[in-house]
$ cat data_34.cif   # mmCIF, C-alpha atoms and all ligand atoms
data_structure
#
loop_
_atom_site.label_atom_id
_atom_site.label_comp_id
_atom_site.auth_asym_id
_atom_site.auth_seq_id
_atom_site.Cartn_x
_atom_site.Cartn_y
_atom_site.Cartn_z
CA MET A 17 4.54 -0.49 -14.96
CA ILE A 18 7.63 -1.00 -17.16
CA GLU A 19 7.79 0.35 -20.68
CA ILE A 20 10.82 -0.38 -22.84
CA LYS A 21 10.67 1.44 -26.17
CA ASN A 22 13.09 1.07 -29.08
CA VAL A 23 16.09 0.62 -26.81
CA SER A 24 19.47 0.21 -28.51
CA LYS A 25 22.81 0.03 -26.80
CA TRP A 26 26.40 -0.23 -27.99
CA TYR A 27 29.63 -1.13 -26.25
CA GLY A 28 31.97 0.83 -28.49
CA SER A 29 31.16 -0.44 -31.96
CA PHE A 30 29.51 -3.64 -30.69
CA GLN A 31 25.72 -3.40 -30.66
CA VAL A 32 24.48 -5.31 -27.63
CA LEU A 33 20.79 -4.29 -27.85
CA THR A 34 18.92 -3.64 -31.08
CA ASP A 35 15.63 -1.76 -31.02
CA CYS A 36 14.10 -3.61 -28.05
CA THR A 37 10.48 -2.83 -27.31
CA THR A 38 8.24 -4.46 -24.73
CA GLN A 39 6.19 -3.63 -21.68
CA VAL A 40 5.26 -5.22 -18.39
CA SER A 41 1.90 -4.41 -16.81
CA LYS A 42 1.18 -4.25 -13.12
CA SER A 43 1.12 -7.75 -11.60
CA GLU A 44 2.37 -9.28 -14.82
CA VAL A 45 5.14 -11.91 -14.77
CA VAL A 46 7.37 -11.87 -17.83
CA VAL A 47 10.10 -14.46 -18.36
CA VAL A 48 13.07 -13.49 -20.53
CA CYS A 49 15.07 -16.31 -22.08
CA GLY A 50 17.55 -16.80 -24.88
CA PRO A 51 21.10 -17.95 -25.55
CA SER A 52 24.04 -16.79 -23.50
CA GLY A 53 25.28 -13.41 -24.70
CA SER A 54 21.95 -12.44 -26.28
CA GLY A 55 21.61 -9.32 -24.12
CA LYS A 56 19.17 -10.48 -21.43
CA SER A 57 21.17 -9.13 -18.47
CA THR A 58 21.89 -5.90 -20.29
CA LEU A 59 18.21 -5.37 -21.08
CA ILE A 60 16.98 -5.83 -17.52
CA LYS A 61 19.78 -3.66 -16.18
CA CYS A 62 18.50 -0.88 -18.44
CA VAL A 63 15.21 -1.06 -16.52
CA ASN A 64 16.72 0.16 -13.26
CA GLY A 65 19.40 2.34 -14.76
CA LEU A 66 22.31 0.03 -13.97
CA GLU A 67 23.25 0.20 -17.66
CA PRO A 68 22.94 3.37 -19.72
CA PHE A 69 21.69 3.07 -23.31
CA GLN A 70 22.14 5.35 -26.29
CA LYS A 71 18.75 5.11 -27.98
CA GLY A 72 15.13 4.66 -26.97
CA SER A 73 13.41 5.05 -23.64
CA VAL A 74 12.58 3.11 -20.50
CA VAL A 75 9.79 4.30 -18.24
CA VAL A 76 9.19 2.64 -14.87
CA ASP A 77 6.03 3.62 -13.02
CA GLY A 78 5.97 6.89 -14.93
CA ILE A 79 9.64 7.71 -14.33
CA ALA A 80 11.90 8.01 -17.40
CA VAL A 81 15.07 6.11 -16.49
CA GLU A 82 17.30 7.91 -18.99
CA ALA A 83 16.15 11.44 -18.17
CA PRO A 84 19.08 13.41 -16.74
CA LYS A 85 16.97 14.73 -13.88
CA THR A 86 15.85 11.26 -12.76
CA ASN A 87 17.13 10.33 -9.33
CA LEU A 88 18.58 6.90 -10.16
CA PRO A 89 19.41 5.81 -6.60
CA LYS A 90 15.82 6.56 -5.64
CA LEU A 91 14.47 4.64 -8.63
CA ARG A 92 16.74 1.67 -7.90
CA ALA A 93 15.47 1.59 -4.36
CA ARG A 94 11.99 1.00 -5.72
CA VAL A 95 12.97 -1.60 -8.34
CA GLY A 96 14.12 -4.78 -6.61
CA MET A 97 16.90 -6.68 -8.34
CA VAL A 98 18.17 -10.18 -7.61
CA PHE A 99 21.35 -11.38 -9.29
CA GLN A 100 22.80 -14.76 -10.13
CA ASN A 101 25.47 -14.49 -7.45
CA PHE A 102 23.32 -13.20 -4.56
CA GLU A 103 25.57 -10.16 -3.96
CA LEU A 104 24.99 -10.07 -0.21
CA PHE A 105 27.46 -8.03 1.84
CA PRO A 106 29.80 -10.79 3.10
CA HIS A 107 31.06 -8.94 6.17
CA MET A 108 27.57 -8.21 7.51
CA THR A 109 25.14 -10.46 9.34
CA ILE A 110 21.95 -11.49 7.58
CA THR A 111 20.03 -8.99 9.71
CA ASP A 112 22.38 -6.17 8.77
CA ASN A 113 22.12 -7.14 5.10
CA LEU A 114 18.35 -6.83 5.43
CA VAL A 115 18.27 -3.47 7.19
CA ILE A 116 21.12 -1.38 5.79
CA ALA A 117 19.42 0.00 2.69
CA GLN A 118 16.14 0.48 4.52
CA ILE A 119 17.95 2.73 7.00
CA LYS A 120 20.34 4.48 4.60
CA VAL A 121 18.11 4.88 1.55
CA LEU A 122 14.57 4.93 2.96
CA GLY A 123 15.43 6.60 6.27
CA ARG A 124 13.70 3.99 8.39
CA SER A 125 14.63 3.56 12.04
CA ARG A 126 16.75 0.55 12.97
CA GLU A 127 13.81 -0.91 14.87
CA GLU A 128 11.38 -0.51 12.02
CA ALA A 129 13.89 -1.91 9.51
CA GLU A 130 14.65 -4.95 11.66
CA ASP A 131 11.00 -5.62 12.20
CA LYS A 132 10.36 -5.55 8.47
CA GLY A 133 13.54 -7.48 7.58
CA LEU A 134 12.92 -10.26 10.07
CA LYS A 135 9.31 -10.67 8.96
CA LEU A 136 10.51 -11.15 5.40
CA LEU A 137 13.27 -13.48 6.53
CA ASP A 138 10.59 -15.56 8.24
CA ARG A 139 8.57 -15.52 5.06
CA VAL A 140 11.41 -17.06 3.07
CA GLY A 141 11.83 -19.68 5.82
CA LEU A 142 15.08 -18.40 7.33
CA LYS A 143 14.15 -16.72 10.59
CA SER A 144 16.65 -18.78 12.55
CA GLN A 145 19.57 -17.61 10.38
CA ALA A 146 19.38 -13.89 11.23
CA ALA A 147 22.62 -13.68 13.22
CA LYS A 148 24.73 -15.62 10.73
CA PHE A 149 26.98 -14.29 7.98
CA PRO A 150 26.24 -15.01 4.30
CA GLY A 151 29.20 -17.40 4.04
CA GLN A 152 27.60 -19.64 6.66
CA LEU A 153 24.50 -20.16 4.50
CA SER A 154 23.95 -22.39 1.48
CA GLY A 155 23.57 -20.80 -1.94
CA GLY A 156 19.82 -21.37 -1.91
CA GLN A 157 19.53 -19.75 1.50
CA GLN A 158 21.66 -16.79 0.43
CA GLN A 159 19.48 -16.25 -2.60
CA ARG A 160 16.34 -16.30 -0.43
CA VAL A 161 17.96 -13.67 1.82
CA ALA A 162 18.71 -11.60 -1.30
CA ILE A 163 15.04 -11.78 -2.30
CA ALA A 164 13.93 -10.82 1.24
CA ARG A 165 16.38 -7.92 1.18
CA ALA A 166 14.94 -6.63 -2.09
CA LEU A 167 11.38 -7.00 -0.78
CA ALA A 168 12.24 -5.05 2.37
CA MET A 169 12.44 -1.94 0.18
CA ASP A 170 8.75 -2.27 -0.79
CA PRO A 171 9.61 -2.52 -4.48
CA ILE A 172 7.07 -1.62 -7.14
CA CYS A 173 8.47 -4.41 -9.29
CA MET A 174 11.18 -7.08 -9.16
CA LEU A 175 13.89 -7.93 -11.67
CA PHE A 176 15.58 -11.32 -11.51
CA ASP A 177 18.72 -12.17 -13.46
CA GLU A 178 19.17 -15.95 -13.58
CA PRO A 179 18.55 -16.25 -9.83
CA THR A 180 18.94 -20.04 -9.78
CA SER A 181 21.69 -20.63 -12.29
CA ALA A 182 24.52 -20.56 -9.74
CA LEU A 183 22.73 -23.03 -7.44
CA ASP A 184 23.14 -26.75 -6.96
CA PRO A 185 20.10 -28.55 -8.41
CA GLU A 186 18.63 -29.47 -5.03
CA MET A 187 18.47 -25.79 -4.05
CA ILE A 188 16.78 -24.46 -7.15
CA ASN A 189 13.24 -25.23 -6.03
CA GLU A 190 13.49 -23.50 -2.68
CA VAL A 191 14.27 -20.26 -4.54
CA LEU A 192 11.69 -20.84 -7.29
CA ASP A 193 9.04 -21.53 -4.63
CA VAL A 194 9.61 -18.06 -3.17
CA MET A 195 9.36 -16.54 -6.65
CA VAL A 196 6.16 -18.47 -7.41
CA GLN A 197 4.66 -17.21 -4.16
CA LEU A 198 5.59 -13.63 -5.09
CA ALA A 199 4.01 -14.04 -8.51
CA HIS A 200 0.81 -15.34 -6.96
CA GLU A 201 0.72 -12.33 -4.66
CA GLY A 202 0.62 -10.09 -7.72
CA MET A 203 4.20 -8.79 -7.79
CA THR A 204 5.19 -7.32 -11.14
CA MET A 205 8.18 -9.38 -12.23
CA MET A 206 10.67 -9.52 -15.08
CA CYS A 207 12.68 -12.71 -14.74
CA VAL A 208 15.64 -13.79 -16.82
CA THR A 209 15.58 -17.54 -16.34
CA HIS A 210 15.80 -20.80 -18.21
CA GLU A 211 13.59 -22.54 -15.67
CA MET A 212 10.78 -23.33 -18.06
CA GLY A 213 8.81 -25.12 -15.33
CA PHE A 214 8.66 -21.79 -13.53
CA ALA A 215 7.68 -20.03 -16.75
CA ARG A 216 4.87 -22.52 -17.41
CA LYS A 217 3.60 -22.18 -13.86
CA VAL A 218 3.51 -18.41 -13.39
CA ALA A 219 4.59 -16.44 -16.46
CA HIS A 220 2.03 -14.47 -18.36
CA ARG A 221 4.39 -13.77 -21.24
CA VAL A 222 7.70 -15.09 -22.48
CA ILE A 223 10.27 -12.97 -24.28
CA PHE A 224 12.94 -14.71 -26.33
CA MET A 225 16.08 -12.75 -27.16
CA ASP A 226 18.77 -13.50 -29.71
CA ARG A 227 21.77 -11.37 -30.67
CA GLY A 228 20.52 -8.32 -28.82
CA ALA A 229 17.02 -8.34 -30.25
CA ILE A 230 13.63 -9.39 -28.92
CA VAL A 231 12.80 -12.10 -31.42
CA GLU A 232 9.64 -13.33 -29.75
CA ASP A 233 7.28 -11.73 -27.22
CA ALA A 234 4.29 -13.95 -26.76
CA ALA A 235 1.68 -15.13 -24.31
CA LYS A 236 2.96 -18.18 -22.42
CA GLU A 237 0.50 -20.56 -24.07
CA GLU A 238 1.48 -19.32 -27.49
CA PHE A 239 5.20 -19.49 -26.76
CA PHE A 240 5.15 -23.04 -25.46
CA GLY A 241 2.56 -24.15 -27.97
CA GLN A 242 4.42 -23.06 -31.06
CA PRO A 243 7.05 -20.34 -31.01
CA ARG A 244 6.88 -18.39 -34.24
CA SER A 245 10.59 -18.00 -34.85
CA GLU A 246 12.84 -20.85 -35.80
CA ARG A 247 15.50 -19.61 -33.39
CA ALA A 248 13.11 -19.81 -30.45
CA GLN A 249 11.99 -23.27 -31.56
CA SER A 250 15.51 -24.64 -31.70
CA PHE A 251 16.40 -22.95 -28.38
CA LEU A 252 13.37 -24.54 -26.70
CA ALA A 253 14.18 -27.91 -28.19
CA LYS A 254 17.63 -27.72 -26.62
CA ILE A 255 16.59 -26.77 -23.10
CA LEU A 256 13.36 -28.75 -22.65
P1 LIG B 1 23.15 -12.49 -21.52
O1 LIG B 1 22.73 -12.00 -20.18
O2 LIG B 1 22.01 -12.77 -22.44
O3 LIG B 1 24.05 -13.69 -21.43
P2 LIG B 1 24.62 -10.00 -21.65
O4 LIG B 1 23.58 -8.95 -21.60
O5 LIG B 1 25.36 -10.28 -20.40
O6 LIG B 1 23.98 -11.34 -22.24
O7 LIG B 1 25.70 -9.65 -22.74
C1 LIG B 1 25.36 -9.42 -24.10
C2 LIG B 1 26.60 -9.19 -24.92
O8 LIG B 1 27.24 -8.00 -24.50
C3 LIG B 1 27.62 -10.31 -24.80
O9 LIG B 1 28.15 -10.54 -26.06
C4 LIG B 1 28.65 -9.74 -23.87
O10 LIG B 1 29.92 -10.27 -24.15
C5 LIG B 1 28.59 -8.26 -24.19
N1 LIG B 1 28.96 -7.42 -23.04
C6 LIG B 1 28.39 -7.46 -21.80
N2 LIG B 1 28.94 -6.53 -20.99
C7 LIG B 1 29.89 -5.91 -21.72
C8 LIG B 1 30.83 -4.84 -21.47
N3 LIG B 1 30.88 -4.23 -20.28
N4 LIG B 1 31.65 -4.47 -22.48
C9 LIG B 1 31.58 -5.06 -23.69
N5 LIG B 1 30.74 -6.06 -24.01
C10 LIG B 1 29.90 -6.48 -23.05
MG MG B 2 23.12 -12.74 -18.33
#
$ encode --input "data_34.cif" --output "structure tokens" --more "lines below"
Ligand code: ADP
Ligand code: MG
Amino acid sequence: MIEIKNVSKWYGSFQVLTDCTTQVSKSEVVVVCGPSGSGKSTLIKCVNGLEPFQKGSVVVDGIAVEAPKTNLPKLRARVGMVFQNFELFPHMTITDNLVIAQIKVLGRSREEAEDKGLKLLDRVGLKSQAAKFPGQLSGGQQQRVAIARALAMDPICMLFDEPTSALDPEMINEVLDVMVQLAHEGMTMMCVTHEMGFARKVAHRVIFMDRGAIVEDAAKEEFFGQPRSERAQSFLAKIL
């Protein structure tokens, strides 16, 4: 579903990604972890074309992200992305947040989009919040709306970039529960997170990044059993 091959990226003379290669199969859940500044956000943004890269290739569902003829807005519509800071439209109601891209990008009717959006809102436990504005919701609720909004586009896969790291501790689980449910339903997911409980529960593989490189890419059992690299071992020791 996602194939990342020898991707390197520079900001000026600073190399932010070094020869990154990995792949995510259909229905696979891959957790990406590693120290701050190691390139995790940059790598997953390369998957939906939010960040250009100078070397290598990324293919999502058969579409080459870096090919000049690739319709990036169309690709992004099919690759759901959830950010640390929710990124809901603050001046729009929850309902409008859920329907706008369905109408503008997918050409759905308002009725069809609302029907779909409200079903998903119900699924994340927030049906009663439809008429509110994002600022009237807690962080955990806003993040669940952001997930529902991404799902409304019928994504072929979902990318998460530290979706719980801006949340108060008591709200983390309500967001992780939604992600666990998605994983169990067979969604293909690439999740940057340091929630190792989540990783243990649903990840198939864990990728550990350090200084722009994929240092470890292992089955979950192998990663938690005994990471091969010393850097992954000391990172795990710090966060567990
Ligand atoms: P992570 O998500 O693992 O914390 P990032 O992918 O955000 O790491 O960033 C990796 C490195 O790239 C960091 O050193 C960061 O400072 C640098 N970086 C990120 N964005 C830019 C940018 N627009 N210009 C220059 N350097 C950047
Ligand atoms: Mg990041």
$ closest_residue --input "data_34.cif" --among "A:Ser24, A:Thr34, A:Asn113, A:Ser57" --to "ligand LIG 1 (chain B)" --atoms "all atoms listed in the file"
A:Ser57
$ residues_around --input "data_34.cif" --residues "range 117-119 of chain A" --least-positions-apart "2" --cutoff "9 Å" --atoms "all atoms listed in the file" --output "list in words"
Ala93, Asn113, Leu114, Val115, Val121, Leu122, Gly123, Arg124, Ser125, Arg126, Glu128, Ala129, Gly133, Arg165, Ala168 and Met169 of chain A
$ residues_near_ligand --input "data_34.cif" --ligand "ligand MG 2 (chain B)" --cutoff "9 Å" --atoms "only C-alpha atoms and all ligand atoms" --output "list in words"
Ser52, Gly53, Ser54, Gly55, Lys56, Ser57, Thr58, Gln100, Asp177, Glu178 and Val208 of chain A
$ atom_distance --input "data_34.cif" --atom1 "CA of Phe105 in chain A" --atom2 "CA of Gln157 in chain A"
14.2 Å
$ residues_near_point --input "data_34.cif" --point "(5.8, -19.0, -1.4)" --cutoff "12 Å" --atoms "all atoms listed in the file" --output "MDAnalysis selection string"
chainID A and resid 136 138:141 160 163:164 189:201
$ axis_aligned_box --input "data_34.cif" --around "ligand LIG 1 (chain B)" --padding-each-side "8 Å" --output "JSON"
{"center_x": 26.8, "center_y": -9.0, "center_z": -23.1, "size_x": 25.6, "size_y": 25.5, "size_z": 21.9}
$ atom_distance --input "data_34.cif" --atom1 "CA of Phe99 in chain A" --atom2 "CA of Ile172 in chain A"
17.4 Å
$ atom_distance --input "data_34.cif" --atom1 "CA of Phe102 in chain A" --atom2 "CA of Phe69 in chain A"
24.9 Å
$ closest_residue --input "data_34.cif" --among "A:Gly213, A:Pro84, A:Gly241, A:Pro179" --to "ligand LIG 1 (chain B)" --atoms "only C-alpha atoms and all ligand atoms"
A:Pro179
$ closest_residue --input "data_34.cif" --among "A:Cys173, A:Ala80, A:Met205, A:Val95" --to "Val222 in chain A" --atoms "only C-alpha atoms"
A:Met205
$ closest_residue --input "data_34.cif" --among "A:Leu142, A:Leu33, A:Met212, A:Val46" --to "ligand LIG 1 (chain B)" --atoms "all atoms listed in the file"
A:Leu33
$ residues_around --input "data_34.cif" --residues "Asn101 in chain A" --least-positions-apart "5" --cutoff "9 Å" --atoms "only C-alpha atoms" --output "list in words"
Gly155, Gln159, Glu178, Pro179, Thr180, Ser181, Ala182 and Leu183 of chain A
$ closest_residue --input "data_34.cif" --among "A:Gly202, A:Pro171, A:Gly156, A:Gly28" --to "Val76 in chain A" --atoms "all atoms listed in the file"
A:Pro171
$ closest_residue --input "data_34.cif" --among "A:Leu256, A:Ile188, A:Ile110, A:Leu167" --to "Ala147 in chain A" --atoms "all atoms listed in the file"
A:Ile110
$ residues_around --input "data_34.cif" --residues "Val75 in chain A" --least-positions-apart "5" --cutoff "8 Å" --atoms "only C-alpha atoms" --output "PyMOL selection string"
chain A and resi 17-20+63+80-81
$ residues_around --input "data_34.cif" --residues "His107 in chain A" --least-positions-apart "6" --cutoff "12 Å" --atoms "all atoms listed in the file" --output "PyMOL selection string"
chain A and resi 113+147-152
$ residues_around --input "data_34.cif" --residues "Pro243 in chain A" --least-positions-apart "5" --cutoff "12 Å" --atoms "all atoms listed in the file" --output "VMD selection string"
chain A and resid 222 to 224 231 to 238 248 to 253
